[in-house]
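my_file_16.csv (CSV, C-alpha atoms and all ligand atoms)
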chain,number,residue,atom,x,y,z
A,1,MET,CA,-29.9,0.6,-20.7
A,2,LYS,CA,-26.5,0.2,-22.4
A,3,GLU,CA,-26.3,3.9,-23.3
A,4,LEU,CA,-26.4,4.7,-19.6
A,5,LEU,CA,-23.2,2.8,-18.8
A,6,PRO,CA,-19.8,4.5,-18.6
A,7,PRO,CA,-17.1,3.3,-21.1
A,8,GLY,CA,-15.5,0.0,-20.4
A,9,VAL,CA,-18.4,-1.4,-18.4
A,10,GLN,CA,-20.5,-4.3,-19.6
A,11,VAL,CA,-23.1,-6.4,-17.8
A,12,GLN,CA,-23.5,-10.1,-18.4
A,13,GLY,CA,-26.4,-11.0,-20.6
A,14,GLU,CA,-25.2,-11.2,-24.2
A,15,MET,CA,-22.6,-13.8,-23.4
A,16,GLY,CA,-23.4,-17.1,-21.7
A,17,ILE,CA,-21.7,-18.2,-18.5
A,18,ALA,CA,-20.2,-21.7,-17.9
A,19,PHE,CA,-21.3,-23.0,-14.5
A,20,VAL,CA,-19.0,-25.9,-13.6
A,21,ILE,CA,-20.3,-28.1,-10.8
A,22,ALA,CA,-17.9,-30.4,-9.2
A,23,GLY,CA,-17.7,-32.4,-5.9
A,24,PRO,CA,-17.2,-36.0,-4.7
A,25,SER,CA,-19.0,-38.8,-6.4
A,26,GLY,CA,-22.4,-39.3,-4.7
A,27,VAL,CA,-22.7,-35.8,-3.2
A,28,GLY,CA,-25.7,-35.1,-5.4
A,29,LYS,CA,-24.4,-33.2,-8.5
A,30,SER,CA,-26.8,-34.9,-10.9
A,31,SER,CA,-29.7,-34.5,-8.5
A,32,VAL,CA,-29.0,-30.7,-8.1
A,33,ILE,CA,-28.4,-30.2,-11.8
A,34,SER,CA,-31.6,-32.0,-12.9
A,35,THR,CA,-33.7,-29.7,-10.6
A,36,LEU,CA,-31.9,-26.6,-11.9
A,37,LEU,CA,-32.5,-27.5,-15.5
A,38,SER,CA,-36.2,-28.2,-14.9
A,39,ARG,CA,-36.6,-24.7,-13.4
A,40,ASP,CA,-34.5,-22.4,-15.7
A,41,PRO,CA,-35.0,-22.6,-19.5
A,42,LYS,CA,-31.9,-20.4,-20.0
A,43,LEU,CA,-29.7,-23.2,-18.6
A,44,CYS,CA,-28.4,-26.0,-20.7
A,45,PHE,CA,-26.5,-29.1,-19.6
A,46,SER,CA,-23.3,-30.1,-21.3
A,47,VAL,CA,-23.6,-33.8,-21.9
A,48,SER,CA,-20.2,-35.5,-21.6
A,49,ALA,CA,-18.9,-38.4,-23.6
A,50,THR,CA,-17.8,-41.4,-21.5
A,51,THR,CA,-16.4,-44.9,-22.0
A,52,ARG,CA,-18.0,-46.1,-18.7
A,53,VAL,CA,-20.9,-48.5,-18.8
A,54,ARG,CA,-24.4,-47.0,-18.7
A,55,ARG,CA,-26.3,-47.2,-15.4
A,56,PRO,CA,-29.9,-48.6,-15.6
A,57,ASP,CA,-31.5,-45.2,-15.2
A,58,GLU,CA,-29.2,-43.3,-17.5
A,59,ILE,CA,-30.2,-42.4,-21.1
A,60,HIS,CA,-27.7,-42.0,-24.0
A,61,GLY,CA,-27.7,-38.3,-25.1
A,62,ARG,CA,-29.4,-37.1,-21.9
A,63,ASP,CA,-26.9,-38.2,-19.1
A,64,TYR,CA,-23.9,-39.0,-21.2
A,65,TYR,CA,-22.9,-40.0,-24.7
A,66,PHE,CA,-21.8,-43.6,-24.0
A,67,VAL,CA,-19.0,-44.3,-26.5
A,68,THR,CA,-16.5,-47.1,-27.2
A,69,GLU,CA,-12.7,-46.6,-26.6
A,70,GLU,CA,-12.2,-46.2,-30.3
A,71,GLU,CA,-14.9,-43.5,-30.6
A,72,PHE,CA,-13.3,-41.7,-27.6
A,73,ASP,CA,-9.9,-41.9,-29.3
A,74,ARG,CA,-11.5,-40.3,-32.4
A,75,LEU,CA,-13.0,-37.5,-30.3
A,76,ILE,CA,-9.5,-36.7,-29.0
A,77,ALA,CA,-7.8,-37.0,-32.3
A,78,THR,CA,-10.2,-34.7,-34.1
A,79,GLY,CA,-9.9,-32.0,-31.3
A,80,ALA,CA,-13.6,-32.4,-30.5
A,81,LEU,CA,-13.1,-32.2,-26.7
A,82,LEU,CA,-12.6,-29.2,-24.6
A,83,GLU,CA,-11.1,-31.3,-21.9
A,84,TRP,CA,-11.0,-35.0,-20.9
A,85,THR,CA,-9.8,-37.1,-18.0
A,86,THR,CA,-9.5,-40.7,-16.8
A,87,TYR,CA,-11.5,-41.5,-13.7
A,88,GLN,CA,-11.5,-45.0,-12.3
A,89,GLY,CA,-10.2,-46.5,-15.5
A,90,HIS,CA,-12.8,-44.9,-17.7
A,91,ARG,CA,-12.5,-41.8,-19.8
A,92,TYR,CA,-14.8,-38.8,-19.6
A,93,GLY,CA,-14.7,-35.7,-21.8
A,94,THR,CA,-16.6,-32.5,-22.5
A,95,PRO,CA,-17.4,-32.1,-26.2
A,96,LYS,CA,-16.8,-28.5,-27.5
A,97,SER,CA,-20.1,-28.8,-29.4
A,98,GLU,CA,-22.0,-29.0,-26.0
A,99,VAL,CA,-20.6,-25.7,-24.8
A,100,LEU,CA,-19.2,-23.2,-27.2
A,101,GLY,CA,-22.1,-22.5,-29.6
A,102,ARG,CA,-24.5,-22.2,-26.7
A,103,LEU,CA,-22.3,-19.7,-24.8
A,104,GLN,CA,-22.0,-17.7,-28.0
A,105,ARG,CA,-25.8,-17.6,-28.3
A,106,GLY,CA,-26.1,-16.3,-24.8
A,107,LEU,CA,-27.2,-19.5,-23.1
A,108,ASP,CA,-25.7,-20.5,-19.8
A,109,VAL,CA,-24.2,-24.0,-19.7
A,110,VAL,CA,-23.9,-26.3,-16.6
A,111,LEU,CA,-21.0,-28.7,-16.7
A,112,LYS,CA,-20.7,-31.7,-14.3
A,113,VAL,CA,-17.0,-32.6,-14.1
A,114,GLU,CA,-14.5,-33.9,-11.6
A,115,VAL,CA,-12.1,-31.4,-9.9
A,116,ARG,CA,-9.2,-31.6,-12.4
A,117,GLY,CA,-11.7,-31.0,-15.3
A,118,ALA,CA,-13.0,-27.9,-13.6
A,119,GLN,CA,-9.5,-26.5,-13.4
A,120,THR,CA,-8.8,-27.3,-17.0
A,121,ILE,CA,-12.0,-25.5,-18.1
A,122,ARG,CA,-11.0,-22.4,-16.1
A,123,ARG,CA,-7.6,-22.4,-17.7
A,124,ALA,CA,-8.8,-23.2,-21.3
A,125,GLY,CA,-9.3,-19.5,-22.1
A,126,LEU,CA,-12.8,-20.0,-23.4
A,127,GLY,CA,-13.4,-16.2,-23.8
A,128,PHE,CA,-16.5,-16.7,-21.6
A,129,PRO,CA,-17.0,-16.3,-17.9
A,130,VAL,CA,-16.4,-19.6,-16.0
A,131,VAL,CA,-17.8,-20.1,-12.5
A,132,LEU,CA,-16.6,-23.0,-10.4
A,133,ILE,CA,-19.0,-24.4,-7.8
A,134,PHE,CA,-18.0,-27.1,-5.4
A,135,LEU,CA,-20.8,-29.2,-3.8
A,136,VAL,CA,-20.0,-30.8,-0.5
A,137,PRO,CA,-22.0,-33.3,1.6
A,138,PRO,CA,-23.1,-32.4,5.1
A,139,SER,CA,-20.8,-35.1,6.5
A,140,TRP,CA,-18.5,-37.9,5.4
A,141,GLU,CA,-20.9,-40.5,6.8
A,142,GLU,CA,-23.7,-39.0,4.7
A,143,LEU,CA,-21.5,-39.1,1.5
A,144,VAL,CA,-20.8,-42.8,2.1
A,145,ARG,CA,-24.5,-43.5,2.7
A,146,ARG,CA,-25.5,-41.7,-0.6
A,147,VAL,CA,-22.9,-43.4,-2.7
A,148,ARG,CA,-23.9,-46.8,-1.3
A,149,SER,CA,-27.6,-46.1,-1.6
A,150,ARG,CA,-27.3,-45.4,-5.3
A,151,GLY,CA,-26.3,-49.0,-5.6
A,152,THR,CA,-24.4,-48.6,-8.8
A,153,GLU,CA,-20.8,-49.5,-7.7
A,154,SER,CA,-19.1,-52.7,-6.4
A,155,GLU,CA,-17.6,-52.4,-2.9
A,156,GLU,CA,-14.2,-52.1,-4.5
A,157,ALA,CA,-15.2,-49.3,-6.9
A,158,LEU,CA,-17.0,-47.6,-4.0
A,159,ALA,CA,-13.9,-47.6,-1.9
A,160,GLU,CA,-11.9,-46.1,-4.8
A,161,ARG,CA,-14.5,-43.4,-5.3
A,162,LEU,CA,-14.3,-42.5,-1.7
A,163,ARG,CA,-10.5,-42.3,-1.8
A,164,ILE,CA,-10.7,-40.0,-4.8
A,165,ALA,CA,-13.4,-38.0,-2.9
A,166,ARG,CA,-10.9,-37.3,0.0
A,167,GLU,CA,-8.4,-36.0,-2.5
A,168,GLU,CA,-11.0,-33.8,-4.3
A,169,LEU,CA,-12.0,-32.1,-1.0
A,170,GLN,CA,-8.4,-30.7,-0.8
A,171,HIS,CA,-9.1,-28.6,-3.9
A,172,ILE,CA,-12.0,-26.6,-2.5
A,173,PRO,CA,-9.8,-23.4,-2.2
A,174,GLU,CA,-9.4,-23.4,-6.0
A,175,PHE,CA,-13.2,-22.9,-6.4
A,176,ASP,CA,-15.3,-19.8,-6.4
A,177,TYR,CA,-18.3,-21.1,-4.4
A,178,LEU,CA,-19.0,-23.8,-1.8
A,179,VAL,CA,-22.5,-25.2,-1.5
A,180,VAL,CA,-23.5,-27.8,1.1
A,181,ASN,CA,-26.0,-30.4,-0.2
A,182,ASP,CA,-27.7,-31.2,3.0
A,183,GLU,CA,-31.3,-30.8,1.8
A,184,LEU,CA,-31.7,-30.9,-1.9
A,185,SER,CA,-34.0,-27.9,-2.1
A,186,ARG,CA,-31.6,-25.8,0.0
A,187,ALA,CA,-28.6,-26.8,-2.2
A,188,VAL,CA,-30.6,-26.0,-5.4
A,189,ALA,CA,-31.6,-22.6,-3.9
A,190,GLY,CA,-27.9,-21.9,-3.1
A,191,VAL,CA,-26.8,-22.6,-6.7
A,192,GLU,CA,-29.7,-20.6,-8.1
A,193,ALA,CA,-28.6,-17.6,-6.0
A,194,ILE,CA,-25.1,-17.9,-7.4
A,195,ILE,CA,-26.4,-18.1,-11.0
A,196,GLN,CA,-28.6,-15.0,-10.4
A,197,ALA,CA,-25.7,-13.0,-8.9
A,198,GLU,CA,-23.3,-14.0,-11.7
A,199,ARG,CA,-25.8,-12.9,-14.3
A,200,MET,CA,-25.8,-9.5,-12.8
A,201,LYS,CA,-22.1,-9.1,-12.4
A,202,ILE,CA,-20.4,-6.0,-13.8
A,203,LEU,CA,-17.6,-6.9,-16.2
A,204,ARG,CA,-14.8,-4.4,-16.4
A,205,CYS,CA,-12.9,-4.4,-19.6
A,206,ALA,CA,-9.4,-3.0,-18.7
B,301,LIG,P1,-23.5,-37.4,-8.1
B,301,LIG,O1,-24.0,-36.9,-9.4
B,301,LIG,O2,-22.8,-36.3,-7.3
B,301,LIG,O3,-22.6,-38.6,-8.2
B,301,LIG,P2,-26.2,-38.2,-7.4
B,301,LIG,O4,-27.0,-37.0,-7.8
B,301,LIG,O5,-26.2,-39.4,-8.3
B,301,LIG,O6,-24.7,-37.8,-7.1
B,301,LIG,O7,-26.7,-38.6,-5.9
B,301,LIG,C1,-26.2,-39.7,-5.2
B,301,LIG,C2,-27.3,-40.3,-4.4
B,301,LIG,O8,-27.6,-39.4,-3.3
B,301,LIG,C3,-28.6,-40.5,-5.1
B,301,LIG,O9,-29.2,-41.7,-4.7
B,301,LIG,C4,-29.5,-39.3,-4.8
B,301,LIG,O10,-30.9,-39.6,-4.9
B,301,LIG,C5,-29.0,-39.0,-3.4
B,301,LIG,N1,-29.1,-37.6,-3.0
B,301,LIG,C6,-28.7,-36.5,-3.7
B,301,LIG,N2,-28.9,-35.4,-3.0
B,301,LIG,C7,-29.4,-35.7,-1.8
B,301,LIG,C8,-29.8,-35.0,-0.6
B,301,LIG,N3,-29.7,-33.7,-0.5
B,301,LIG,N4,-30.3,-35.7,0.4
B,301,LIG,C9,-30.4,-37.1,0.4
B,301,LIG,N5,-30.0,-37.8,-0.7
B,301,LIG,C10,-29.5,-37.2,-1.8
B,302,LIG,P1,-19.9,-40.9,-12.8
B,302,LIG,O1,-19.2,-42.1,-13.3
B,302,LIG,O2,-20.2,-40.9,-11.3
B,302,LIG,O3,-21.0,-40.4,-13.7
B,302,LIG,O4,-18.7,-39.7,-13.0
B,302,LIG,C1,-17.5,-39.9,-12.4
B,302,LIG,C2,-16.8,-38.5,-12.3
B,302,LIG,O5,-16.5,-38.0,-13.6
B,302,LIG,C3,-17.7,-37.4,-11.6
B,302,LIG,O6,-16.9,-36.7,-10.8
B,302,LIG,C4,-18.1,-36.6,-12.8
B,302,LIG,O7,-18.4,-35.3,-12.4
B,302,LIG,C5,-16.9,-36.7,-13.7
B,302,LIG,N1,-17.2,-36.3,-15.1
B,302,LIG,C6,-18.3,-36.5,-15.8
B,302,LIG,N2,-18.2,-36.0,-17.1
B,302,LIG,C7,-16.9,-35.5,-17.1
B,302,LIG,C8,-16.2,-34.8,-18.2
B,302,LIG,O8,-16.7,-34.5,-19.3
B,302,LIG,N3,-15.0,-34.3,-17.8
B,302,LIG,C9,-14.4,-34.5,-16.6
B,302,LIG,N4,-13.2,-34.0,-16.4
B,302,LIG,N5,-15.1,-35.2,-15.6
B,302,LIG,C10,-16.3,-35.6,-15.9

Could you write out this structure as structure tokens?
Ligand code: ADP
Ligand code: 5GP
Amino acid sequence: MKELLPPGVQVQGEMGIAFVIAGPSGVGKSSVISTLLSRDPKLCFSVSATTRVRRPDEIHGRDYYFVTEEEFDRLIATGALLEWTTYQGHRYGTPKSEVLGRLQRGLDVVLKVEVRGAQTIRRAGLGFPVVLIFLVPPSWEELVRRVRSRGTESEEALAERLRIAREELQHIPEFDYLVVNDELSRAVAGVEAIIQAERMKILRCA
């Protein structure tokens, strides 16, 4: 097919795409991502490193790399992180090893980060396409219900997460796509449609 294209035009396919999924805590990022991964073998998840305590249902190496403060310092010092941030007193960071090699091999990578991290990844000049997707709840009340129903935070931590959530919603205009997570299957279908469209995008090399 390539020989049919005029000069300067490429289609996606050889290079992977970074799909960054952000949105307030409890909106359903992990739920959406785990369904996406189970249905698309070309998608990989970028497992972040964090200093926060593991939740009972989380697995080291699948959900996060749970590391000590010293280990996180070392990741920063050795330049192993693409970006990192502090959220609620804990540090979270994206290891370069989770992202760059896979994109080079043509695999698409899904990243779950907070809003500032999404912007840092966009500005990092990865040399690969970066697509920013913001997941919103159908209502504020439903977000509060979900965050509470997960039962992983103290009331104080929960209030702080909701305060951060309010702030994060202000950054929606900086994203490429907005997906409402009302029903999980509908939100997953929305993100899958974005992924399909981005894979068929025409890249124009100036
Ligand atoms: P996040 O990763 O954004 O913090 P989670 O995926 O952990 O959010 O979801 C938070 C809670 O909301 C979980 O208990 C999850 O089962 C629930 N949840 C996620 N999506 C939906 C949905 N569409 N409808 C109802 N509950 C949902
Ligand atoms: P949680 O404690 O709920 O797993 O995550 C708290 C917040 O940190 C979420 O918004 C999540 O998306 C974000 N997060 C997780 N990993 C990373 C990361 O590697 N980098 C950044 N910037 N944020 C992350």

Rank A:Ile164, A:Ile121, A:Met200, A:Val191 by their smallest atom-to-atom distance to Asp40 in chain A, using only C-alpha atoms, and report the top residue only.
->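 Of the candidates, the smallest distance to Asp40 in chain A is held by A:Val191.
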
Within 12 Å of Arg105 in chain A, counting all atoms listed in the file, which residues qualify if same-chain residues fewer than 5 places away don't, as a PyMOL selection string?
-> chain A and resi 13-17+42-44+99-100+128

For ligand LIG 302 (chain B), collect every residue having any atom at a distance of at most 6 Å from a ligand atom (counting all atoms listed in the file); output as a PyMOL selection string.
-> chain A and resi 22+25+48+84-85+92-94+112-114+117

Within 10 Å of ligand LIG 301 (chain B), which residues show up when you count only C-alpha atoms and all ligand atoms? List them as a PyMOL selection string, please.
-> chain A and resi 21-34+112-114+135-138+142-152+161+180-188

Which residues come within 10 Å of Thr120 in chain A, counting all atoms listed in the file, excluding same-chain residues fewer than 4 positions away, as a VMD selection string?
-> chain A and resid 82 to 85 115 to 116 124 to 125

Kindly indicate which residue among A:Ile76, A:Pro95, A:Arg62, A:Ile133 lies nearest to Gly190 in chain A, using all atoms listed in the file for the distances.
->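 Of the candidates, the smallest distance to Gly190 in chain A is held by A:Ile133.
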
Counting all atoms listed in the file, the option among A:Phe134, A:Pro41, A:Thr78, A:Glu153 closest to Glu168 in chain A |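 When distances to Glu168 in chain A are compared using all atoms listed in the file, the smallest one comes from A:Phe134.
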
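Proximity of A:Ile59, A:Gly106, A:Leu126, A:Val53 to Arg91 in chain A, computed with only C-alpha atoms, is greatest for A:Val53.
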
Output as a compact mmCIF listing (two decimals), in the coordinates of the input: range 121-143 of chain A, completed with N, CA, C and O atoms.
# COMPACT_ATOMS: atom_id res chain seq x y z
N ILE A 121 -11.04 -26.40 -17.45
CA ILE A 121 -12.00 -25.50 -18.10
C ILE A 121 -11.70 -24.06 -17.80
O ILE A 121 -11.71 -23.20 -18.66
N ARG A 122 -11.36 -23.82 -16.54
CA ARG A 122 -11.00 -22.40 -16.10
C ARG A 122 -9.80 -21.94 -16.93
O ARG A 122 -9.76 -20.81 -17.39
N ARG A 123 -8.81 -22.83 -17.10
CA ARG A 123 -7.60 -22.40 -17.70
C ARG A 123 -7.64 -22.44 -19.27
O ARG A 123 -6.70 -22.03 -19.94
N ALA A 124 -8.75 -22.95 -19.81
CA ALA A 124 -8.80 -23.20 -21.30
C ALA A 124 -8.91 -21.85 -22.05
O ALA A 124 -8.72 -21.84 -23.26
N GLY A 125 -9.17 -20.73 -21.37
CA GLY A 125 -9.30 -19.50 -22.10
C GLY A 125 -10.42 -19.46 -23.06
O GLY A 125 -10.27 -19.14 -24.23
N LEU A 126 -11.60 -19.83 -22.57
CA LEU A 126 -12.80 -20.00 -23.40
C LEU A 126 -13.23 -18.63 -24.03
O LEU A 126 -13.89 -18.60 -25.04
N GLY A 127 -12.90 -17.54 -23.32
CA GLY A 127 -13.40 -16.20 -23.80
C GLY A 127 -14.80 -15.98 -23.20
O GLY A 127 -15.49 -15.04 -23.62
N PHE A 128 -15.23 -16.81 -22.27
CA PHE A 128 -16.50 -16.70 -21.60
C PHE A 128 -16.30 -16.76 -20.11
O PHE A 128 -15.34 -17.41 -19.67
N PRO A 129 -17.18 -16.16 -19.30
CA PRO A 129 -17.00 -16.30 -17.90
C PRO A 129 -17.19 -17.78 -17.43
O PRO A 129 -18.07 -18.47 -17.94
N VAL A 130 -16.33 -18.21 -16.53
CA VAL A 130 -16.40 -19.60 -16.00
C VAL A 130 -16.53 -19.47 -14.47
O VAL A 130 -15.73 -18.81 -13.82
N VAL A 131 -17.55 -20.10 -13.92
CA VAL A 131 -17.80 -20.10 -12.50
C VAL A 131 -17.69 -21.47 -11.93
O VAL A 131 -18.37 -22.38 -12.41
N LEU A 132 -16.81 -21.65 -10.94
CA LEU A 132 -16.60 -23.00 -10.40
C LEU A 132 -17.29 -23.16 -9.05
O LEU A 132 -17.04 -22.42 -8.10
N ILE A 133 -18.17 -24.13 -9.00
CA ILE A 133 -19.00 -24.40 -7.80
C ILE A 133 -18.64 -25.77 -7.26
O ILE A 133 -18.68 -26.75 -8.01
N PHE A 134 -18.30 -25.83 -5.97
CA PHE A 134 -18.00 -27.10 -5.40
C PHE A 134 -19.14 -27.51 -4.45
O PHE A 134 -19.55 -26.75 -3.57
N LEU A 135 -19.66 -28.71 -4.66
CA LEU A 135 -20.80 -29.20 -3.80
C LEU A 135 -20.19 -30.19 -2.80
O LEU A 135 -19.47 -31.14 -3.16
N VAL A 136 -20.48 -29.92 -1.52
CA VAL A 136 -20.00 -30.80 -0.50
C VAL A 136 -21.16 -31.49 0.26
O VAL A 136 -22.24 -30.89 0.39
N PRO A 137 -20.94 -32.68 0.80
CA PRO A 137 -22.00 -33.30 1.60
C PRO A 137 -21.99 -32.72 3.00
O PRO A 137 -20.99 -32.13 3.41
N PRO A 138 -23.07 -32.89 3.76
CA PRO A 138 -23.10 -32.40 5.10
C PRO A 138 -22.12 -33.08 6.04
O PRO A 138 -21.68 -32.51 7.04
N SER A 139 -21.75 -34.33 5.71
CA SER A 139 -20.80 -35.10 6.50
C SER A 139 -20.20 -36.18 5.66
O SER A 139 -20.78 -36.57 4.64
N TRP A 140 -19.08 -36.73 6.11
CA TRP A 140 -18.50 -37.90 5.40
C TRP A 140 -19.38 -39.07 5.44
O TRP A 140 -19.57 -39.76 4.45
N GLU A 141 -20.01 -39.30 6.60
CA GLU A 141 -20.90 -40.50 6.80
C GLU A 141 -22.05 -40.39 5.76
O GLU A 141 -22.47 -41.39 5.19
N GLU A 142 -22.58 -39.19 5.57
CA GLU A 142 -23.70 -39.00 4.70
C GLU A 142 -23.26 -39.27 3.21
O GLU A 142 -24.00 -39.85 2.42
N LEU A 143 -22.04 -38.85 2.88
CA LEU A 143 -21.50 -39.10 1.50
C LEU A 143 -21.45 -40.63 1.28
O LEU A 143 -21.89 -41.13 0.25
